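Structure file upload_5.cif (mmCIF, C-alpha atoms and all ligand atoms; chains and numbers go by the auth columns) is printed below.
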```cif
data_query
loop_
_atom_site.group_PDB
_atom_site.id
_atom_site.type_symbol
_atom_site.label_atom_id
_atom_site.label_comp_id
_atom_site.label_asym_id
_atom_site.label_seq_id
_atom_site.Cartn_x
_atom_site.Cartn_y
_atom_site.Cartn_z
_atom_site.B_iso_or_equiv
_atom_site.auth_seq_id
_atom_site.auth_asym_id
ATOM 1 C CA MET A 1 175.302 177.192 146.869 0.00 1 A
ATOM 2 C CA LEU A 2 178.865 177.264 145.545 0.00 2 A
ATOM 3 C CA LYS A 3 181.566 175.307 147.318 0.00 3 A
ATOM 4 C CA PRO A 4 184.428 177.587 148.469 0.00 4 A
ATOM 5 C CA LYS A 5 187.014 176.162 146.047 0.00 5 A
ATOM 6 C CA VAL A 6 184.656 176.570 143.078 0.00 6 A
ATOM 7 C CA GLU A 7 183.725 180.083 144.156 0.00 7 A
ATOM 8 C CA LYS A 8 187.417 180.985 144.438 0.00 8 A
ATOM 9 C CA ILE A 9 188.331 179.789 140.943 0.00 9 A
ATOM 10 C CA LEU A 10 185.270 181.546 139.449 0.00 10 A
ATOM 11 C CA VAL A 11 186.193 184.807 141.204 0.00 11 A
ATOM 12 C CA GLU A 12 189.733 184.480 139.812 0.00 12 A
ATOM 13 C CA GLN A 13 188.237 184.152 136.335 0.00 13 A
ATOM 14 C CA ILE A 14 186.499 187.557 136.723 0.00 14 A
ATOM 15 C CA GLN A 15 189.979 189.056 136.878 0.00 15 A
ATOM 16 C CA LYS A 16 191.179 187.099 133.841 0.00 16 A
ATOM 17 C CA GLU A 17 188.199 188.122 131.712 0.00 17 A
ATOM 18 C CA GLY A 18 188.567 191.732 132.878 0.00 18 A
ATOM 19 C CA TYR A 19 192.250 191.654 132.019 0.00 19 A
ATOM 20 C CA SER A 20 191.417 190.219 128.576 0.00 20 A
ATOM 21 C CA SER A 21 189.011 193.097 127.969 0.00 21 A
ATOM 22 C CA PHE A 22 191.591 195.734 128.944 0.00 22 A
ATOM 23 C CA LEU A 23 194.349 193.967 126.993 0.00 23 A
ATOM 24 C CA TYR A 24 192.269 194.067 123.805 0.00 24 A
ATOM 25 C CA LEU A 25 191.232 197.642 124.525 0.00 25 A
ATOM 26 C CA SER A 26 194.887 198.593 124.820 0.00 26 A
ATOM 27 C CA MET A 27 195.660 196.755 121.565 0.00 27 A
ATOM 28 C CA ALA A 28 192.691 198.471 119.865 0.00 28 A
ATOM 29 C CA SER A 29 193.904 201.878 120.948 0.00 29 A
ATOM 30 C CA TRP A 30 197.438 201.093 119.718 0.00 30 A
ATOM 31 C CA ALA A 31 196.093 199.915 116.338 0.00 31 A
ATOM 32 C CA GLU A 32 193.894 203.000 116.011 0.00 32 A
ATOM 33 C CA SER A 33 196.851 205.260 116.741 0.00 33 A
ATOM 34 C CA LYS A 34 198.751 203.499 113.934 0.00 34 A
ATOM 35 C CA GLY A 35 195.943 204.184 111.457 0.00 35 A
ATOM 36 C CA MET A 36 194.678 200.597 111.320 0.00 36 A
ATOM 37 C CA ALA A 37 190.964 201.255 111.658 0.00 37 A
ATOM 38 C CA GLY A 38 189.907 197.720 110.709 0.00 38 A
ATOM 39 C CA VAL A 39 192.211 196.048 113.223 0.00 39 A
ATOM 40 C CA ALA A 40 191.070 198.523 115.882 0.00 40 A
ATOM 41 C CA GLN A 41 187.415 197.781 115.140 0.00 41 A
ATOM 42 C CA TRP A 42 188.016 194.021 115.507 0.00 42 A
ATOM 43 C CA LEU A 43 189.868 194.506 118.786 0.00 43 A
ATOM 44 C CA TYR A 44 187.295 196.938 120.232 0.00 44 A
ATOM 45 C CA ALA A 45 184.593 194.348 119.509 0.00 45 A
ATOM 46 C CA GLN A 46 186.745 191.682 121.148 0.00 46 A
ATOM 47 C CA ALA A 47 187.211 193.894 124.226 0.00 47 A
ATOM 48 C CA GLU A 48 183.416 194.217 124.501 0.00 48 A
ATOM 49 C CA GLU A 49 183.009 190.442 124.271 0.00 49 A
ATOM 50 C CA GLU A 50 185.451 189.972 127.113 0.00 50 A
ATOM 51 C CA LYS A 51 183.614 192.494 129.263 0.00 51 A
ATOM 52 C CA MET A 52 180.450 190.493 128.622 0.00 52 A
ATOM 53 C CA HIS A 53 182.285 187.301 129.664 0.00 53 A
ATOM 54 C CA MET A 54 183.428 188.997 132.866 0.00 54 A
ATOM 55 C CA LEU A 55 179.833 189.997 133.656 0.00 55 A
ATOM 56 C CA LYS A 56 178.634 186.441 133.069 0.00 56 A
ATOM 57 C CA PHE A 57 180.975 185.255 135.825 0.00 57 A
ATOM 58 C CA VAL A 58 179.828 188.040 138.178 0.00 58 A
ATOM 59 C CA GLU A 59 176.180 187.159 137.619 0.00 59 A
ATOM 60 C CA TYR A 60 176.676 183.418 137.934 0.00 60 A
ATOM 61 C CA ILE A 61 178.658 183.622 141.181 0.00 61 A
ATOM 62 C CA ASN A 62 176.048 185.869 142.787 0.00 62 A
ATOM 63 C CA GLU A 63 173.186 183.777 141.464 0.00 63 A
ATOM 64 C CA ARG A 64 174.674 180.728 143.207 0.00 64 A
ATOM 65 C CA ASN A 65 174.861 182.613 146.511 0.00 65 A
ATOM 66 C CA GLY A 66 178.553 183.334 146.211 0.00 66 A
ATOM 67 C CA ARG A 67 180.097 186.773 146.305 0.00 67 A
ATOM 68 C CA ALA A 68 181.584 188.156 143.094 0.00 68 A
ATOM 69 C CA ILE A 69 184.478 190.349 144.177 0.00 69 A
ATOM 70 C CA ILE A 70 185.454 192.928 141.554 0.00 70 A
ATOM 71 C CA PRO A 71 189.246 192.826 141.225 0.00 71 A
ATOM 72 C CA ALA A 72 191.910 195.379 140.381 0.00 72 A
ATOM 73 C CA ILE A 73 193.050 194.886 136.811 0.00 73 A
ATOM 74 C CA GLU A 74 196.777 194.862 136.196 0.00 74 A
ATOM 75 C CA LYS A 75 198.021 197.251 133.516 0.00 75 A
ATOM 76 C CA SER A 76 198.212 195.824 129.999 0.00 76 A
ATOM 77 C CA PRO A 77 201.165 196.318 127.664 0.00 77 A
ATOM 78 C CA GLU A 78 200.782 199.432 125.517 0.00 78 A
ATOM 79 C CA ASN A 79 203.065 198.842 122.534 0.00 79 A
ATOM 80 C CA TRP A 80 203.595 196.049 120.045 0.00 80 A
ATOM 81 C CA LYS A 81 206.335 195.676 117.449 0.00 81 A
ATOM 82 C CA ASP A 82 203.808 195.058 114.668 0.00 82 A
ATOM 83 C CA ILE A 83 200.423 193.437 114.132 0.00 83 A
ATOM 84 C CA PHE A 84 202.010 190.023 113.527 0.00 84 A
ATOM 85 C CA VAL A 85 203.357 190.084 117.071 0.00 85 A
ATOM 86 C CA LEU A 86 200.086 191.511 118.340 0.00 86 A
ATOM 87 C CA PHE A 87 197.887 188.768 116.896 0.00 87 A
ATOM 88 C CA ASP A 88 200.297 186.051 118.045 0.00 88 A
ATOM 89 C CA GLU A 89 199.845 187.495 121.518 0.00 89 A
ATOM 90 C CA VAL A 90 196.042 187.448 121.132 0.00 90 A
ATOM 91 C CA LEU A 91 196.185 183.749 120.215 0.00 91 A
ATOM 92 C CA ALA A 92 198.534 182.906 123.100 0.00 92 A
ATOM 93 C CA HIS A 93 196.252 184.802 125.470 0.00 93 A
ATOM 94 C CA GLU A 94 193.157 182.945 124.261 0.00 94 A
ATOM 95 C CA GLN A 95 194.983 179.627 124.690 0.00 95 A
ATOM 96 C CA TYR A 96 195.789 180.666 128.245 0.00 96 A
ATOM 97 C CA ILE A 97 192.109 181.535 128.852 0.00 97 A
ATOM 98 C CA SER A 98 191.009 178.193 127.365 0.00 98 A
ATOM 99 C CA ALA A 99 193.326 176.413 129.816 0.00 99 A
ATOM 100 C CA SER A 100 191.824 178.306 132.738 0.00 100 A
ATOM 101 C CA ILE A 101 188.263 177.477 131.582 0.00 101 A
ATOM 102 C CA ASN A 102 189.324 173.813 131.432 0.00 102 A
ATOM 103 C CA ASP A 103 190.672 174.100 134.987 0.00 103 A
ATOM 104 C CA ILE A 104 187.283 175.408 136.144 0.00 104 A
ATOM 105 C CA LEU A 105 185.499 172.487 134.507 0.00 105 A
ATOM 106 C CA ALA A 106 187.966 169.991 135.994 0.00 106 A
ATOM 107 C CA LEU A 107 187.456 171.442 139.479 0.00 107 A
ATOM 108 C CA ALA A 108 183.658 171.449 139.074 0.00 108 A
ATOM 109 C CA VAL A 109 183.871 167.748 138.155 0.00 109 A
ATOM 110 C CA LYS A 110 186.100 167.022 141.155 0.00 110 A
ATOM 111 C CA GLU A 111 183.730 168.876 143.490 0.00 111 A
ATOM 112 C CA ASN A 112 180.584 167.263 142.023 0.00 112 A
ATOM 113 C CA ASP A 113 179.222 170.696 141.113 0.00 113 A
ATOM 114 C CA TYR A 114 176.936 169.683 138.245 0.00 114 A
ATOM 115 C CA ALA A 115 175.439 173.147 137.803 0.00 115 A
ATOM 116 C CA THR A 116 178.860 174.724 137.250 0.00 116 A
ATOM 117 C CA GLN A 117 179.867 171.873 134.946 0.00 117 A
ATOM 118 C CA ASN A 118 176.800 172.643 132.874 0.00 118 A
ATOM 119 C CA TRP A 119 177.173 176.420 133.015 0.00 119 A
ATOM 120 C CA ILE A 120 180.872 176.501 132.067 0.00 120 A
ATOM 121 C CA GLN A 121 180.202 174.509 128.882 0.00 121 A
ATOM 122 C CA TRP A 122 179.177 177.754 127.179 0.00 122 A
ATOM 123 C CA PHE A 123 182.732 179.025 127.728 0.00 123 A
ATOM 124 C CA VAL A 124 184.279 175.757 126.543 0.00 124 A
ATOM 125 C CA THR A 125 182.477 176.209 123.209 0.00 125 A
ATOM 126 C CA GLU A 126 183.220 179.923 123.174 0.00 126 A
ATOM 127 C CA GLN A 127 186.954 179.322 123.539 0.00 127 A
ATOM 128 C CA VAL A 128 186.969 176.957 120.564 0.00 128 A
ATOM 129 C CA GLU A 129 185.338 179.748 118.517 0.00 129 A
ATOM 130 C CA GLU A 130 187.651 182.449 119.842 0.00 130 A
ATOM 131 C CA GLU A 131 190.831 180.511 119.130 0.00 131 A
ATOM 132 C CA SER A 132 189.551 179.679 115.671 0.00 132 A
ATOM 133 C CA SER A 133 188.583 183.279 114.908 0.00 133 A
ATOM 134 C CA VAL A 134 192.044 184.557 115.918 0.00 134 A
ATOM 135 C CA GLN A 135 193.687 181.797 113.883 0.00 135 A
ATOM 136 C CA THR A 136 191.642 182.938 110.859 0.00 136 A
ATOM 137 C CA VAL A 137 192.975 186.472 111.312 0.00 137 A
ATOM 138 C CA ILE A 138 196.572 185.190 111.607 0.00 138 A
ATOM 139 C CA ASP A 139 196.162 183.030 108.500 0.00 139 A
ATOM 140 C CA LYS A 140 194.884 186.023 106.514 0.00 140 A
ATOM 141 C CA LEU A 141 197.669 188.200 107.815 0.00 141 A
ATOM 142 C CA ASN A 142 200.261 185.646 106.713 0.00 142 A
ATOM 143 C CA LEU A 143 198.630 185.256 103.307 0.00 143 A
ATOM 144 C CA ILE A 144 198.371 188.949 102.609 0.00 144 A
ATOM 145 C CA GLY A 145 201.852 189.665 103.946 0.00 145 A
ATOM 146 C CA LYS A 146 203.793 192.609 105.298 0.00 146 A
ATOM 147 C CA ASN A 147 203.615 194.673 102.125 0.00 147 A
ATOM 148 C CA ASN A 148 199.849 194.699 101.943 0.00 148 A
ATOM 149 C CA LEU A 149 198.790 195.726 105.418 0.00 149 A
ATOM 150 C CA TYR A 150 196.362 198.265 104.013 0.00 150 A
ATOM 151 C CA ILE A 151 194.477 195.449 102.275 0.00 151 A
ATOM 152 C CA PHE A 152 194.556 193.363 105.454 0.00 152 A
ATOM 153 C CA ASP A 153 193.160 196.272 107.448 0.00 153 A
ATOM 154 C CA ARG A 154 190.212 196.624 105.015 0.00 154 A
ATOM 155 C CA ASP A 155 189.706 192.881 104.943 0.00 155 A
ATOM 156 C CA ILE A 156 189.520 192.376 108.700 0.00 156 A
ATOM 157 C CA MET A 157 186.601 194.837 108.785 0.00 157 A
ATOM 158 C CA ASN A 158 184.499 192.053 107.324 0.00 158 A
ATOM 159 C CA LEU A 159 185.472 189.575 110.015 0.00 159 A
ATOM 160 C CA ARG A 160 183.505 189.578 113.199 0.00 160 A
ATOM 161 C CA ALA A 161 185.220 189.100 116.530 0.00 161 A
ATOM 162 C CA ALA A 162 184.028 185.866 118.191 0.00 162 A
ATOM 163 C CA GLU A 163 181.014 186.249 120.430 0.00 163 A
HETATM 164 FE FE1 LIG B . 188.480 185.509 124.908 0.00 201 O
HETATM 165 O O1 LIG B . 187.633 184.638 126.178 0.00 201 O
HETATM 166 FE FE2 LIG B . 186.688 185.364 127.447 0.00 201 O
HETATM 167 O O2 LIG B . 186.353 183.691 127.950 0.00 201 O
#
```
The structure in this file should be written as structure tokens.
Amino acid sequence: MLKPKVEKILVEQIQKEGYSSFLYLSMASWAESKGMAGVAQWLYAQAEEEKMHMLKFVEYINERNGRAIIPAIEKSPENWKDIFVLFDEVLAHEQYISASINDILALAVKENDYATQNWIQWFVTEQVEEESSVQTVIDKLNLIGKNNLYIFDRDIMNLRAAE
């Protein structure tokens, strides 16, 4: 049985994961409309991962006799100046998500909820991978540079979004 404070923070995370999914979907659609098929493919995969994360929270809350409320998702931005700005935003967003996962773990510790402490570890590890995978993309982008975006777009096709 989840304690009310833990249930509340987990329900809030459903919204954050859902927002992440829609944010990356919006970015994918923008990239596709700009002819960057590789970037779009990476972002569509990332959007799917986030949907899967959202579902994990829904399932866990209900499994622990809580009630997973499905939230409204606020509208994502729809335009970015360029893909440098876009990927910086992806990294900043993942850092924000990592902080909120840490908050969940800290609360689970405070509330002596050992099951949630154990369960949320998967996300702690996942966030390390996600931040690292976005950083890899940014590093490549900086190496290849503004004049070779076609090459970058082909190259990113070989990179998998974090799972
Ligand atoms: Fe990108 O992260 Fe979900 O958790």
List all protein, DNA and RNA residues that have an atom no more than 9 Å from any atom of ligand LIG 201 (chain O), counting only C-alpha atoms and all ligand atoms, and report them as an mmCIF file with C-alpha atoms, in the coordinates of the input.
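Final file, result_16.cif:
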```
data_model
loop_
_atom_site.group_PDB
_atom_site.id
_atom_site.type_symbol
_atom_site.label_atom_id
_atom_site.label_comp_id
_atom_site.auth_asym_id
_atom_site.auth_seq_id
_atom_site.Cartn_x
_atom_site.Cartn_y
_atom_site.Cartn_z
ATOM 1 C CA GLN A 13 188.237 184.152 136.335
ATOM 2 C CA LYS A 16 191.179 187.099 133.841
ATOM 3 C CA GLU A 17 188.199 188.122 131.712
ATOM 4 C CA GLY A 18 188.567 191.732 132.878
ATOM 5 C CA SER A 20 191.417 190.219 128.576
ATOM 6 C CA SER A 21 189.011 193.097 127.969
ATOM 7 C CA GLN A 46 186.745 191.682 121.148
ATOM 8 C CA ALA A 47 187.211 193.894 124.226
ATOM 9 C CA GLU A 49 183.009 190.442 124.271
ATOM 10 C CA GLU A 50 185.451 189.972 127.113
ATOM 11 C CA LYS A 51 183.614 192.494 129.263
ATOM 12 C CA MET A 52 180.450 190.493 128.622
ATOM 13 C CA HIS A 53 182.285 187.301 129.664
ATOM 14 C CA MET A 54 183.428 188.997 132.866
ATOM 15 C CA VAL A 90 196.042 187.448 121.132
ATOM 16 C CA HIS A 93 196.252 184.802 125.470
ATOM 17 C CA GLU A 94 193.157 182.945 124.261
ATOM 18 C CA GLN A 95 194.983 179.627 124.690
ATOM 19 C CA ILE A 97 192.109 181.535 128.852
ATOM 20 C CA SER A 98 191.009 178.193 127.365
ATOM 21 C CA ILE A 101 188.263 177.477 131.582
ATOM 22 C CA PHE A 123 182.732 179.025 127.728
ATOM 23 C CA VAL A 124 184.279 175.757 126.543
ATOM 24 C CA GLU A 126 183.220 179.923 123.174
ATOM 25 C CA GLN A 127 186.954 179.322 123.539
ATOM 26 C CA GLU A 130 187.651 182.449 119.842
ATOM 27 C CA GLU A 131 190.831 180.511 119.130
ATOM 28 C CA ALA A 162 184.028 185.866 118.191
ATOM 29 C CA GLU A 163 181.014 186.249 120.430
#
```
On this file, the PyMOL selection byres (((chain A and resi 44) around 12) and not hetatm) gives some set of residues; write that set as number ranges by chain. A: 20-32, 37-43, 45-51, 157, 160-162
How would you write, as a PyMOL selection string, the residues chosen by the PyMOL selection byres (((chain A and resi 142-145) around 12) and not hetatm) on this structure? chain A and resi 83-85+87-88+135-141+146-156
Could you list, as a list of chain:residue names, every residue matched by the PyMOL selection byres (((chain A and resi 115) around 12) and not hetatm) in this structure? A:Met1, A:Leu2, A:Lys3, A:Val6, A:Tyr60, A:Ile61, A:Glu63, A:Arg64, A:Leu105, A:Ala108, A:Val109, A:Glu111, A:Asn112, A:Asp113, A:Tyr114, A:Thr116, A:Gln117, A:Asn118, A:Trp119, A:Ile120, A:Gln121
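Interatomic distance, atom CA of Ile69 of chain A against atom CA of Pro4 of chain A: 13.5 Å.
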Using all atoms listed in the file, the residue out of A:Val134, A:Val128, A:Ile14, A:Leu159 with shortest distance to Ala72 of chain A is A:Ile14
Please determine an axis-aligned box that encloses all atoms of segment 42-54 of chain A listed in the file, with 8 Å added on each side, and express its centre and edge lengths in Å to one decimal as AutoDock Vina command-line options.
```
--center_x 185.2 --center_y 192.1 --center_z 124.2 --size_x 25.4 --size_y 25.6 --size_z 33.4
```
What is the atom CA of Ser33 of chain A to atom CA of Gln15 of chain A distance in Å? 26.7 Å
Could you check how far atom CA of Gly66 of chain A sits from atom CA of Glu129 of chain A, in Å to one decimal? 28.7 Å
Close residues, Asn62 of chain A itself excluded, 12 Å, only C-alpha atoms, min 5 positions apart in chain, as a ChimeraX atom specification: /A:1-2,7,10-11,55-57,67-70
Could you rebuild segment 49-82 of chain A with N, CA and C atoms and give me the result as a compact mmCIF listing (two decimals), in the frame of the given file?
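part20.txt written:
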```
# COMPACT_ATOMS: atom_id res chain seq x y z
N GLU A 49 183.36 191.85 124.00
CA GLU A 49 183.01 190.44 124.27
C GLU A 49 183.57 190.00 125.62
N GLU A 50 184.81 190.40 125.86
CA GLU A 50 185.45 189.97 127.11
C GLU A 50 184.78 190.61 128.32
N LYS A 51 184.34 191.84 128.16
CA LYS A 51 183.61 192.49 129.26
C LYS A 51 182.33 191.71 129.55
N MET A 52 181.67 191.29 128.47
CA MET A 52 180.45 190.49 128.62
C MET A 52 180.76 189.16 129.33
N HIS A 53 181.90 188.55 128.98
CA HIS A 53 182.28 187.30 129.66
C HIS A 53 182.49 187.55 131.15
N MET A 54 183.17 188.66 131.45
CA MET A 54 183.43 189.00 132.87
C MET A 54 182.10 189.12 133.62
N LEU A 55 181.14 189.81 133.00
CA LEU A 55 179.83 190.00 133.66
C LEU A 55 179.10 188.68 133.86
N LYS A 56 179.27 187.76 132.91
CA LYS A 56 178.63 186.44 133.07
C LYS A 56 179.13 185.76 134.34
N PHE A 57 180.44 185.87 134.60
CA PHE A 57 180.98 185.26 135.82
C PHE A 57 180.41 185.95 137.07
N VAL A 58 180.36 187.29 137.03
CA VAL A 58 179.83 188.04 138.18
C VAL A 58 178.40 187.57 138.47
N GLU A 59 177.59 187.52 137.43
CA GLU A 59 176.18 187.16 137.62
C GLU A 59 176.03 185.73 138.13
N TYR A 60 176.81 184.83 137.54
CA TYR A 60 176.68 183.42 137.93
C TYR A 60 177.07 183.20 139.39
N ILE A 61 178.19 183.80 139.79
CA ILE A 61 178.66 183.62 141.18
C ILE A 61 177.59 184.13 142.15
N ASN A 62 177.05 185.31 141.87
CA ASN A 62 176.05 185.87 142.79
C ASN A 62 174.75 185.07 142.76
N GLU A 63 174.40 184.58 141.59
CA GLU A 63 173.19 183.78 141.46
C GLU A 63 173.27 182.50 142.31
N ARG A 64 174.50 181.97 142.44
CA ARG A 64 174.67 180.73 143.21
C ARG A 64 175.01 181.03 144.68
N ASN A 65 174.63 182.21 145.12
CA ASN A 65 174.86 182.61 146.51
C ASN A 65 176.32 182.73 146.90
N GLY A 66 177.16 183.02 145.91
CA GLY A 66 178.55 183.33 146.21
C GLY A 66 178.67 184.85 146.29
N ARG A 67 179.89 185.33 146.27
CA ARG A 67 180.10 186.77 146.30
C ARG A 67 181.14 187.11 145.24
N ALA A 68 180.68 187.78 144.19
CA ALA A 68 181.58 188.16 143.09
C ALA A 68 182.36 189.41 143.50
N ILE A 69 183.63 189.21 143.80
CA ILE A 69 184.48 190.35 144.18
C ILE A 69 185.05 190.95 142.89
N ILE A 70 184.95 192.26 142.77
CA ILE A 70 185.45 192.93 141.55
C ILE A 70 186.93 193.28 141.79
N PRO A 71 187.81 192.70 140.96
CA PRO A 71 189.25 192.83 141.22
C PRO A 71 189.87 194.08 140.61
N ALA A 72 191.08 194.39 141.07
CA ALA A 72 191.91 195.38 140.38
C ALA A 72 192.43 194.70 139.12
N ILE A 73 192.54 195.46 138.06
CA ILE A 73 193.05 194.89 136.81
C ILE A 73 194.47 195.42 136.57
N GLU A 74 195.37 194.49 136.42
CA GLU A 74 196.78 194.86 136.20
C GLU A 74 196.91 195.56 134.83
N LYS A 75 197.87 196.47 134.75
CA LYS A 75 198.02 197.25 133.52
C LYS A 75 198.48 196.37 132.35
N SER A 76 197.84 196.58 131.20
CA SER A 76 198.21 195.82 130.00
C SER A 76 199.43 196.45 129.34
N PRO A 77 200.12 195.68 128.49
CA PRO A 77 201.16 196.32 127.66
C PRO A 77 200.54 197.43 126.82
N GLU A 78 201.36 198.34 126.34
CA GLU A 78 200.78 199.43 125.52
C GLU A 78 201.39 199.54 124.12
N ASN A 79 202.43 198.78 123.86
CA ASN A 79 203.06 198.84 122.53
C ASN A 79 203.36 197.45 122.01
N TRP A 80 203.26 197.31 120.70
CA TRP A 80 203.60 196.05 120.04
C TRP A 80 204.48 196.37 118.85
N LYS A 81 205.37 195.43 118.54
CA LYS A 81 206.34 195.68 117.45
C LYS A 81 205.58 195.85 116.14
N ASP A 82 204.63 194.96 115.88
CA ASP A 82 203.81 195.06 114.67
C ASP A 82 202.56 194.20 114.88
```
